[in-house]
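One structure is given below, encoded as structure tokens.
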Amino acid sequence: MTPAEDTVLRAVRARIHRSRIERLLIVAATLAGFLLLWEFAGHLTNPMFFAPVSEVLVVFYQQIVDPSHSLLNGLIETLAVLVPGFVIASVLGVVLGVLMGRGNLALQILDPYVTIFYNMPRIALIPVLLLWLGVGDTLKIVIVMLAAIFPVSVNVTAGIRDVSAQLTEPARSMNASEGQLLWKVILPATFPYVTAGLKLGLGRALTTVIVAEFFVSLSGLGGILHAASSTYQMAKMFAPAIILATMGIAIDGLLTYLERRALQRYRA
Amino acid sequence: MTAPKLSVDNIHKTFFKPVKNDVVGITALNGVSLSVAAGDFVSVIGPSGCGKSTLLRIVDGLIKPDQGRVLVDGRVVDGPGPDRAMVFQYFGLYPWRSVLRNVEFGLELKGMPHRQRREIALSNIAQVGLQGFENHFPHELSGGMRQRVGFARALSLNPEIILMDEPFSSVDEQTRELLQEQLLELWRETRKTVLFVTHSIDEAVYMANRVVVMAARPGRIIEDINVDLPRPRISSVRTLPRFGEIRSHAWELLKQGIREATEPGALP
Amino acid sequence: MAGSLTAATVREAAIRRAAKRRDLAIRVGSIVSLLLVWEICGMLTPRIFLSPFHETVAAFWRLCGDGTLLRVTWSSLSVLLAGLAISVVLGVPLGLIMGRYVRLNWALSPYINGLYATPTVAFLPVLSLWLGLYVAPKIAIVVLLAIFPVIKNTYAGVTTVGHELLEPASSMQASEFQIARHVLAPAIVPFVMAGLRLSVGRGIVGLVVGEFFTAQTGLGGLLLRYASNFRTAEMFVPIFVLVVLGYGLTALVIALQEHIAPWKETERDLSQ
């Protein structure tokens, strides 16, 4: 490389480095500004409606070291409902999506129901299920499952129908059976649709579990939230909200990471 | 002695690609110079990465060179101008605008009054043979037709230099030949200066009175071939022995360029 | 021969029509079977669990006739539309400037992406504390749920306006303002519509949650009241209306998108 090019290369590297630092500074500055505003606003308003960030952090800490572990119990209760519900929804959703994607009969029979359920707010079924299943974890798991299954199945069906002939032709010309075709060609090709559906389903599942917990108070993180607000303990609402946000961001991030890793293998 | 219409003066351009956490420099153009007389039809050929599209964009003013300059009629180029117009490989039409409104877009940007620009647009649409399609939209047209809209748009700007970036590569073979004939006819009538980038040697030799052969890594001009074939160019010209000679010569140059680039010691 | 081609085409058209009719029959059959099962189960179980289908139909007629359904649907719809409108009015400009100014994107995107991944219904108790129990908290929760797909999709639209749209305009010496007006604005329309499509579904969820936990108005409120009073026939009526609402509004947005932006630009509506 000529000296002239080397100078330009150095300059470009320096520019990228500077802009990384700038980005960090901007992120830090906005966070600081936001926290300052929160603190300020907290002191100016009626303590019944709002708490400054300092108080929130103190209460957060208290909840974590609380000997009765109420926060931890709340988290476990929520996960005890969310995880089974979401996992069942994912598995059933993929199965349903594949059934409807590959077979016309299944599609015609099931599509009216999928359409109906996909287009409704599944939480509207909570009062009905409450009537049938009573208060308890079964109710919550069922509604979480119902909430998450359809985004998954709809995306999987779309993905399967989208699999191009360029992928299936070579396998068929090598005499692959239907099962082999499905397992080795179609499902891998549908992977990005599956992850897209899972991400959508997760969002719905999280929302639904909270609403279910609002209905059936005193259980889970949603229950803690609800209780805190009815007793006007604003600061206590922060911890469950943060934990829920973290869960949402973490699982979404995990799914995105898995998606990228898998795609790297076929896109390279 | 009058200045040449277009003068490309020792242009250098390096691009930087982000690779992992660093950047890698790619020398697109390494000291490229070219002189074009008014009314010339100059073809530029070369393998991928030889910088021919970059060269065109630097002449149009869309990209600034790291070193060197471009002169039109002796004046330095500093950005796009009314004296040059470009026709794009990807057509570059606006999907929400009809053919007519796409063709008059450049004039609209200049603030030309409605009636005047309509007239000019309509006459150019007729000149490229698309009368009757004024109110159609790009997605309703074939590739060849879309490219003709691109020409009509460039013609409407009444530039002195027309820059064409592989204008026929997105179009099928038969349409390609028709468009070549049409372009040559338009060139004969309007006597514009044309800089025509292509990756087809046949096309380059057939259309132009000069063929500039480029090589990649680093991007540079290997040779400027004078094409002494009779005009007007008709299909039978392709069967002349002289055509074959020029073509082989160009092909040899291209191969030599590829060999030189992959030898050790060549710039990255 | 031309004759046999026409004959083959006619045959093929007939086969396709028959297939369509068969598919329709299967679908109708599927639904009818469910309704039958509903009817039978309804007769066999105590009313507090399930009423037969025909009673739900009767309830539907009754509620239509006495104006309850209309009143309640309008109550829900007005809240939903207000929330969606605010989401678009606030969300599109935000997505636009975040797409245009990288530093603003750096500053705001952690919060916006964070909120997008959070179940924002968690804020409903807070909202009802601050905004009361009537219309305001409902509109607020709808906005909290619906605004993020709009912001995200608008941002995606602005940042993916390809060089294929920008280069020709630059080449014709368009000014910044001209590019914004003639290239960016039309190009982002399909993206905004895709965002709106996602927002409709999420907005309805917000609406119903709001109607459950603040003053019980609208379809959600009606549903809750029926269910808590074991009115198992009536309770399916608001559910039915909600399905129709969800389907209808989504279809409307799709139709609008087809009409305004019939060209297929890249829009990612299968992933958020």
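Labeling convention for the structure tokens: chains A, B, ... as they appear, residues from 1 per chain, ligands from 1 in order of appearance.
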
Find the residues near range 190-199 of chain B: any atom within 9 Å, counting only C-alpha atoms, skip ones fewer than 4 places away on the same chain, and give them as a PDB file with N, CA and C atoms, in the first residue's frame.
ATOM      1  N   LYS B   5     -13.906  17.774 -24.425  1.00  0.00           N
ATOM      2  CA  LYS B   5     -15.194  17.884 -23.771  1.00  0.00           C
ATOM      3  C   LYS B   5     -15.089  17.415 -22.320  1.00  0.00           C
ATOM      4  N   LEU B   6     -14.504  16.216 -22.178  1.00  0.00           N
ATOM      5  CA  LEU B   6     -14.400  15.630 -20.841  1.00  0.00           C
ATOM      6  C   LEU B   6     -12.952  15.252 -20.604  1.00  0.00           C
ATOM      7  N   VAL B  36     -11.947  12.751 -23.508  1.00  0.00           N
ATOM      8  CA  VAL B  36     -13.029  12.449 -24.453  1.00  0.00           C
ATOM      9  C   VAL B  36     -13.394  13.698 -25.228  1.00  0.00           C
ATOM     10  N   ALA B  37     -13.409  13.581 -26.558  1.00  0.00           N
ATOM     11  CA  ALA B  37     -13.773  14.729 -27.394  1.00  0.00           C
ATOM     12  C   ALA B  37     -15.289  14.818 -27.529  1.00  0.00           C
ATOM     13  N   ALA B  38     -15.761  16.006 -27.865  1.00  0.00           N
ATOM     14  CA  ALA B  38     -17.205  16.205 -28.018  1.00  0.00           C
ATOM     15  C   ALA B  38     -17.731  15.284 -29.099  1.00  0.00           C
ATOM     16  N   GLY B  39     -18.868  14.652 -28.836  1.00  0.00           N
ATOM     17  CA  GLY B  39     -19.489  13.790 -29.822  1.00  0.00           C
ATOM     18  C   GLY B  39     -18.910  12.386 -29.874  1.00  0.00           C
ATOM     19  N   ASP B  40     -17.905  12.115 -29.061  1.00  0.00           N
ATOM     20  CA  ASP B  40     -17.327  10.773 -29.002  1.00  0.00           C
ATOM     21  C   ASP B  40     -18.281   9.787 -28.353  1.00  0.00           C
ATOM     22  N   PHE B  41     -18.157   8.512 -28.766  1.00  0.00           N
ATOM     23  CA  PHE B  41     -18.865   7.447 -28.040  1.00  0.00           C
ATOM     24  C   PHE B  41     -17.770   6.538 -27.502  1.00  0.00           C
ATOM     25  N   VAL B  42     -17.546   6.598 -26.213  1.00  0.00           N
ATOM     26  CA  VAL B  42     -16.457   5.823 -25.613  1.00  0.00           C
ATOM     27  C   VAL B  42     -17.019   4.715 -24.739  1.00  0.00           C
ATOM     28  N   SER B  43     -16.593   3.481 -24.989  1.00  0.00           N
ATOM     29  CA  SER B  43     -16.994   2.357 -24.134  1.00  0.00           C
ATOM     30  C   SER B  43     -15.923   2.093 -23.109  1.00  0.00           C
ATOM     31  N   VAL B  44     -16.328   1.677 -21.949  1.00  0.00           N
ATOM     32  CA  VAL B  44     -15.373   1.285 -20.916  1.00  0.00           C
ATOM     33  C   VAL B  44     -15.694  -0.142 -20.513  1.00  0.00           C
ATOM     34  N   ILE B  45     -14.695  -1.041 -20.671  1.00  0.00           N
ATOM     35  CA  ILE B  45     -14.928  -2.414 -20.216  1.00  0.00           C
ATOM     36  C   ILE B  45     -13.878  -2.826 -19.206  1.00  0.00           C
ATOM     37  N   GLY B  46     -14.229  -3.826 -18.431  1.00  0.00           N
ATOM     38  CA  GLY B  46     -13.284  -4.342 -17.451  1.00  0.00           C
ATOM     39  C   GLY B  46     -13.983  -5.328 -16.549  1.00  0.00           C
ATOM     40  N   PRO B  47     -13.219  -6.132 -15.803  1.00  0.00           N
ATOM     41  CA  PRO B  47     -13.827  -7.124 -14.911  1.00  0.00           C
ATOM     42  C   PRO B  47     -14.464  -6.442 -13.693  1.00  0.00           C
ATOM     43  N   SER B  48     -15.200  -7.204 -12.889  1.00  0.00           N
ATOM     44  CA  SER B  48     -15.798  -6.617 -11.682  1.00  0.00           C
ATOM     45  C   SER B  48     -14.706  -6.079 -10.791  1.00  0.00           C
ATOM     46  N   LYS B  52     -14.960   0.687 -12.935  1.00  0.00           N
ATOM     47  CA  LYS B  52     -15.608   1.415 -14.024  1.00  0.00           C
ATOM     48  C   LYS B  52     -16.864   2.150 -13.573  1.00  0.00           C
ATOM     49  N   SER B  53     -17.651   1.497 -12.678  1.00  0.00           N
ATOM     50  CA  SER B  53     -18.834   2.208 -12.189  1.00  0.00           C
ATOM     51  C   SER B  53     -18.439   3.377 -11.301  1.00  0.00           C
ATOM     52  N   LEU B  56     -17.482   6.289 -13.439  1.00  0.00           N
ATOM     53  CA  LEU B  56     -18.667   6.963 -13.973  1.00  0.00           C
ATOM     54  C   LEU B  56     -19.288   7.884 -12.927  1.00  0.00           C
ATOM     55  N   PRO B 159     -28.419  17.082 -21.400  1.00  0.00           N
ATOM     56  CA  PRO B 159     -27.037  17.214 -20.951  1.00  0.00           C
ATOM     57  C   PRO B 159     -26.108  17.203 -22.147  1.00  0.00           C
ATOM     58  N   GLU B 160     -24.860  17.579 -21.936  1.00  0.00           N
ATOM     59  CA  GLU B 160     -23.906  17.461 -23.034  1.00  0.00           C
ATOM     60  C   GLU B 160     -23.234  16.098 -23.012  1.00  0.00           C
ATOM     61  N   ILE B 161     -23.130  15.532 -21.819  1.00  0.00           N
ATOM     62  CA  ILE B 161     -22.479  14.231 -21.688  1.00  0.00           C
ATOM     63  C   ILE B 161     -23.477  13.259 -21.077  1.00  0.00           C
ATOM     64  N   ILE B 162     -23.634  12.104 -21.699  1.00  0.00           N
ATOM     65  CA  ILE B 162     -24.508  11.080 -21.130  1.00  0.00           C
ATOM     66  C   ILE B 162     -23.641   9.936 -20.614  1.00  0.00           C
ATOM     67  N   LEU B 163     -23.862   9.583 -19.345  1.00  0.00           N
ATOM     68  CA  LEU B 163     -23.082   8.529 -18.707  1.00  0.00           C
ATOM     69  C   LEU B 163     -23.973   7.315 -18.544  1.00  0.00           C
ATOM     70  N   MET B 164     -23.527   6.171 -19.036  1.00  0.00           N
ATOM     71  CA  MET B 164     -24.396   4.997 -18.977  1.00  0.00           C
ATOM     72  C   MET B 164     -23.683   3.870 -18.239  1.00  0.00           C
ATOM     73  N   ASP B 165     -24.310   3.405 -17.172  1.00  0.00           N
ATOM     74  CA  ASP B 165     -23.699   2.384 -16.313  1.00  0.00           C
ATOM     75  C   ASP B 165     -24.310   1.026 -16.597  1.00  0.00           C
ATOM     76  N   GLU B 166     -23.683   0.263 -17.476  1.00  0.00           N
ATOM     77  CA  GLU B 166     -24.189  -1.058 -17.882  1.00  0.00           C
ATOM     78  C   GLU B 166     -25.697  -1.013 -18.110  1.00  0.00           C
ATOM     79  N   PRO B 167     -26.149  -0.120 -18.982  1.00  0.00           N
ATOM     80  CA  PRO B 167     -27.589   0.109 -19.085  1.00  0.00           C
ATOM     81  C   PRO B 167     -28.365  -1.097 -19.577  1.00  0.00           C
ATOM     82  N   PHE B 168     -27.712  -2.013 -20.291  1.00  0.00           N
ATOM     83  CA  PHE B 168     -28.473  -3.113 -20.873  1.00  0.00           C
ATOM     84  C   PHE B 168     -28.240  -4.433 -20.169  1.00  0.00           C
ATOM     85  N   SER B 169     -27.525  -4.435 -19.046  1.00  0.00           N
ATOM     86  CA  SER B 169     -27.209  -5.739 -18.462  1.00  0.00           C
ATOM     87  C   SER B 169     -28.394  -6.344 -17.725  1.00  0.00           C
ATOM     88  N   GLU B 185     -28.942   5.230 -32.791  1.00  0.00           N
ATOM     89  CA  GLU B 185     -29.695   6.163 -33.606  1.00  0.00           C
ATOM     90  C   GLU B 185     -29.866   7.500 -32.892  1.00  0.00           C
ATOM     91  N   LEU B 186     -30.225   7.408 -31.606  1.00  0.00           N
ATOM     92  CA  LEU B 186     -30.376   8.631 -30.809  1.00  0.00           C
ATOM     93  C   LEU B 186     -29.066   9.410 -30.757  1.00  0.00           C
ATOM     94  N   GLU B 203     -20.470  -5.726 -27.084  1.00  0.00           N
ATOM     95  CA  GLU B 203     -21.262  -4.502 -27.033  1.00  0.00           C
ATOM     96  C   GLU B 203     -20.339  -3.297 -27.085  1.00  0.00           C
ATOM     97  N   ALA B 204     -19.257  -3.360 -26.306  1.00  0.00           N
ATOM     98  CA  ALA B 204     -18.327  -2.228 -26.245  1.00  0.00           C
ATOM     99  C   ALA B 204     -17.772  -1.925 -27.638  1.00  0.00           C
ATOM    100  N   MET B 207     -20.626  -0.629 -30.267  1.00  0.00           N
ATOM    101  CA  MET B 207     -21.244   0.680 -30.085  1.00  0.00           C
ATOM    102  C   MET B 207     -20.269   1.835 -30.294  1.00  0.00           C
ATOM    103  N   ALA B 208     -19.001   1.654 -29.881  1.00  0.00           N
ATOM    104  CA  ALA B 208     -18.165   2.841 -29.671  1.00  0.00           C
ATOM    105  C   ALA B 208     -17.163   3.128 -30.773  1.00  0.00           C
TER     106      ALA B 208
END

Original post:
Excluding same-chain residues fewer than 3 positions from range 248-260 of chain C, what lies within 9 Å of it counting only C-alpha atoms, as a PyMOL selection string?
Top reply: (chain A and resi 119) or (chain B and resi 96) or (chain C and resi 189-190+193-194+196-198+200-201+243-245+263)

**OP:** Write out as a ChimeraX atom specification which residues come within 7 Å of Asn10 in chain B when counting only C-alpha atoms, dropping same-chain ones fewer than 3 positions away.
**Re:** /B:31-33,68-69

With C-alpha atoms kept, could you save the residues just selected as a short mmCIF file (atom, residue, chain, number, x, y, z; two decimals), in the first residue's frame?
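Written file, out.cif:
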data_model
loop_
_atom_site.label_atom_id
_atom_site.label_comp_id
_atom_site.auth_asym_id
_atom_site.auth_seq_id
_atom_site.Cartn_x
_atom_site.Cartn_y
_atom_site.Cartn_z
CA GLY B 31 -4.33 7.07 -11.26
CA VAL B 32 -6.95 6.91 -14.00
CA SER B 33 -6.82 9.50 -16.77
CA GLY B 68 -7.25 14.15 -9.15
CA ARG B 69 -10.08 15.97 -10.85
#

Original post:
With only C-alpha atoms as the atoms that count, which of C:Leu36, C:Ala140, C:Leu50, C:Ala8 lies nearest to chain A?
Top reply: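 The closest residue to chain A is C:Leu50.
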
Subject >> Given only C-alpha atoms as the counted atoms, nearest of C:Val192, C:Val102, C:Val205, C:Leu166 to chain B >> reply: C:Leu166

Just the residues within 12 Å of Leu96 in chain C, please, counting only C-alpha atoms, with nothing from its chain fewer than 2 positions along; format it as a CSV table (one decimal) with C-alpha atoms, in the first residue's frame.
chain,number,residue,atom,x,y,z
C,88,VAL,CA,-49.1,7.5,14.0
C,89,VAL,CA,-48.9,11.3,14.7
C,90,LEU,CA,-46.2,10.8,17.3
C,91,GLY,CA,-44.5,7.7,16.0
C,92,VAL,CA,-43.9,8.5,12.3
C,93,PRO,CA,-42.0,11.8,13.0
C,94,LEU,CA,-40.0,10.1,15.7
C,98,MET,CA,-34.3,8.9,14.4
C,99,GLY,CA,-33.6,7.6,10.9
C,100,ARG,CA,-32.3,10.9,9.7
C,101,TYR,CA,-30.1,11.9,12.6
C,102,VAL,CA,-27.8,9.1,13.7
C,104,LEU,CA,-30.5,11.0,18.0
C,105,ASN,CA,-30.9,7.3,17.1
C,150,VAL,CA,-44.9,2.5,14.0
C,151,ILE,CA,-41.6,4.0,15.2
C,152,LYS,CA,-39.6,0.9,14.3
C,153,ASN,CA,-41.1,0.4,10.9
C,154,THR,CA,-40.8,4.1,10.0
C,155,TYR,CA,-37.2,4.0,11.1
C,156,ALA,CA,-36.6,0.9,8.9
C,157,GLY,CA,-38.2,2.7,6.0
C,158,VAL,CA,-36.0,5.7,6.3
C,159,THR,CA,-32.8,3.8,6.8
C,160,THR,CA,-33.4,1.3,4.0
C,161,VAL,CA,-34.3,3.8,1.3
C,180,ALA,CA,-37.0,14.4,1.5
C,184,LEU,CA,-38.1,9.8,1.2
C,185,ALA,CA,-41.7,10.6,1.9
C,187,ALA,CA,-40.7,5.6,-0.2
C,188,ILE,CA,-41.5,5.2,3.5
C,189,VAL,CA,-45.3,4.9,3.0
C,191,PHE,CA,-43.2,0.8,5.8
C,192,VAL,CA,-45.5,3.0,7.8

Original post:
What residues in chain C have any atom no more than 6 Å from chain A when counting only C-alpha atoms, and can you write them as number ranges by chain?
Top reply: C: 27, 30, 107, 117-119, 125, 205, 227, 243, 246-247, 271

Subject >> DSSP-assigned helix (DSSP H, G or I) members of range 102-246 of chain C, reported as a ChimeraX atom specification >> reply: /C:102-117,120-131,135-159,163-171,176-213,218-228,236-246

Subject >> Expected answer as a ChimeraX atom specification: chain B residues within 7 Å of chain C, only C-alpha atoms >> reply: /B:60,62,80-81,85-86,92,94-95,106,109,139

**OP:** Return the single residue from B:Ser123, B:Asn135, B:Gln147, B:Gln67 that is closest to chain A, with distances computed using only C-alpha atoms.
**Re:**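 Ranking B:Ser123, B:Asn135, B:Gln147, B:Gln67 by distance to chain A, first place goes to B:Gln67.
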
Per residue of chain B within 12 Å of chain A, what are the shortest atom pair and its distance in Å to one decimal, counting only C-alpha atoms, with rows by chain and residue number, as a tab-separated table?
residue	atom	partner	partner_atom	distance
B:His12	CA	A:Glu5	CA	9.7
B:Lys13	CA	A:Glu5	CA	9.4
B:Thr14	CA	A:Glu5	CA	7.6
B:Phe15	CA	A:Leu9	CA	9.4
B:Phe16	CA	A:Leu9	CA	7.8
B:Lys17	CA	A:Val12	CA	10.4
B:Pro18	CA	A:Arg13	CA	9.9
B:Val19	CA	A:Arg13	CA	11.7
B:Asn21	CA	A:Arg13	CA	10.0
B:Asp22	CA	A:Arg13	CA	7.4
B:Val23	CA	A:Arg13	CA	6.9
B:Val24	CA	A:Leu9	CA	8.0
B:Gly25	CA	A:Leu9	CA	6.7
B:Ile26	CA	A:Glu5	CA	9.6
B:Thr27	CA	A:Glu5	CA	8.5
B:Ala28	CA	A:Glu5	CA	11.7
B:Leu29	CA	A:Glu5	CA	11.8
B:Asn30	CA	A:Glu5	CA	10.4
B:Asp66	CA	A:Val8	CA	9.0
B:Gln67	CA	A:Ala4	CA	10.0
B:Arg217	CA	A:Met1	CA	11.6
B:Pro218	CA	A:Met1	CA	10.5
B:Gly265	CA	A:Met1	CA	10.1
B:Ala266	CA	A:Met1	CA	9.4
B:Leu267	CA	A:Met1	CA	6.4
B:Pro268	CA	A:Met1	CA	7.8

**OP:** Find the residues near range 128-131 of chain B: any atom within 7 Å, counting only C-alpha atoms, skip ones fewer than 4 places away on the same chain, and give them as a PyMOL selection string.
**Re:** chain B and resi 124+148+152

Could you dump the residues just selected with C-alpha atoms as a tab-separated table (two decimals), in the first residue's frame?
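Written out: again_33.tsv:
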chain	number	residue	atom	x	y	z
B	124	ASN	CA	-38.60	12.37	-25.37
B	148	ARG	CA	-36.06	3.42	-22.17
B	152	ALA	CA	-35.96	9.56	-21.91
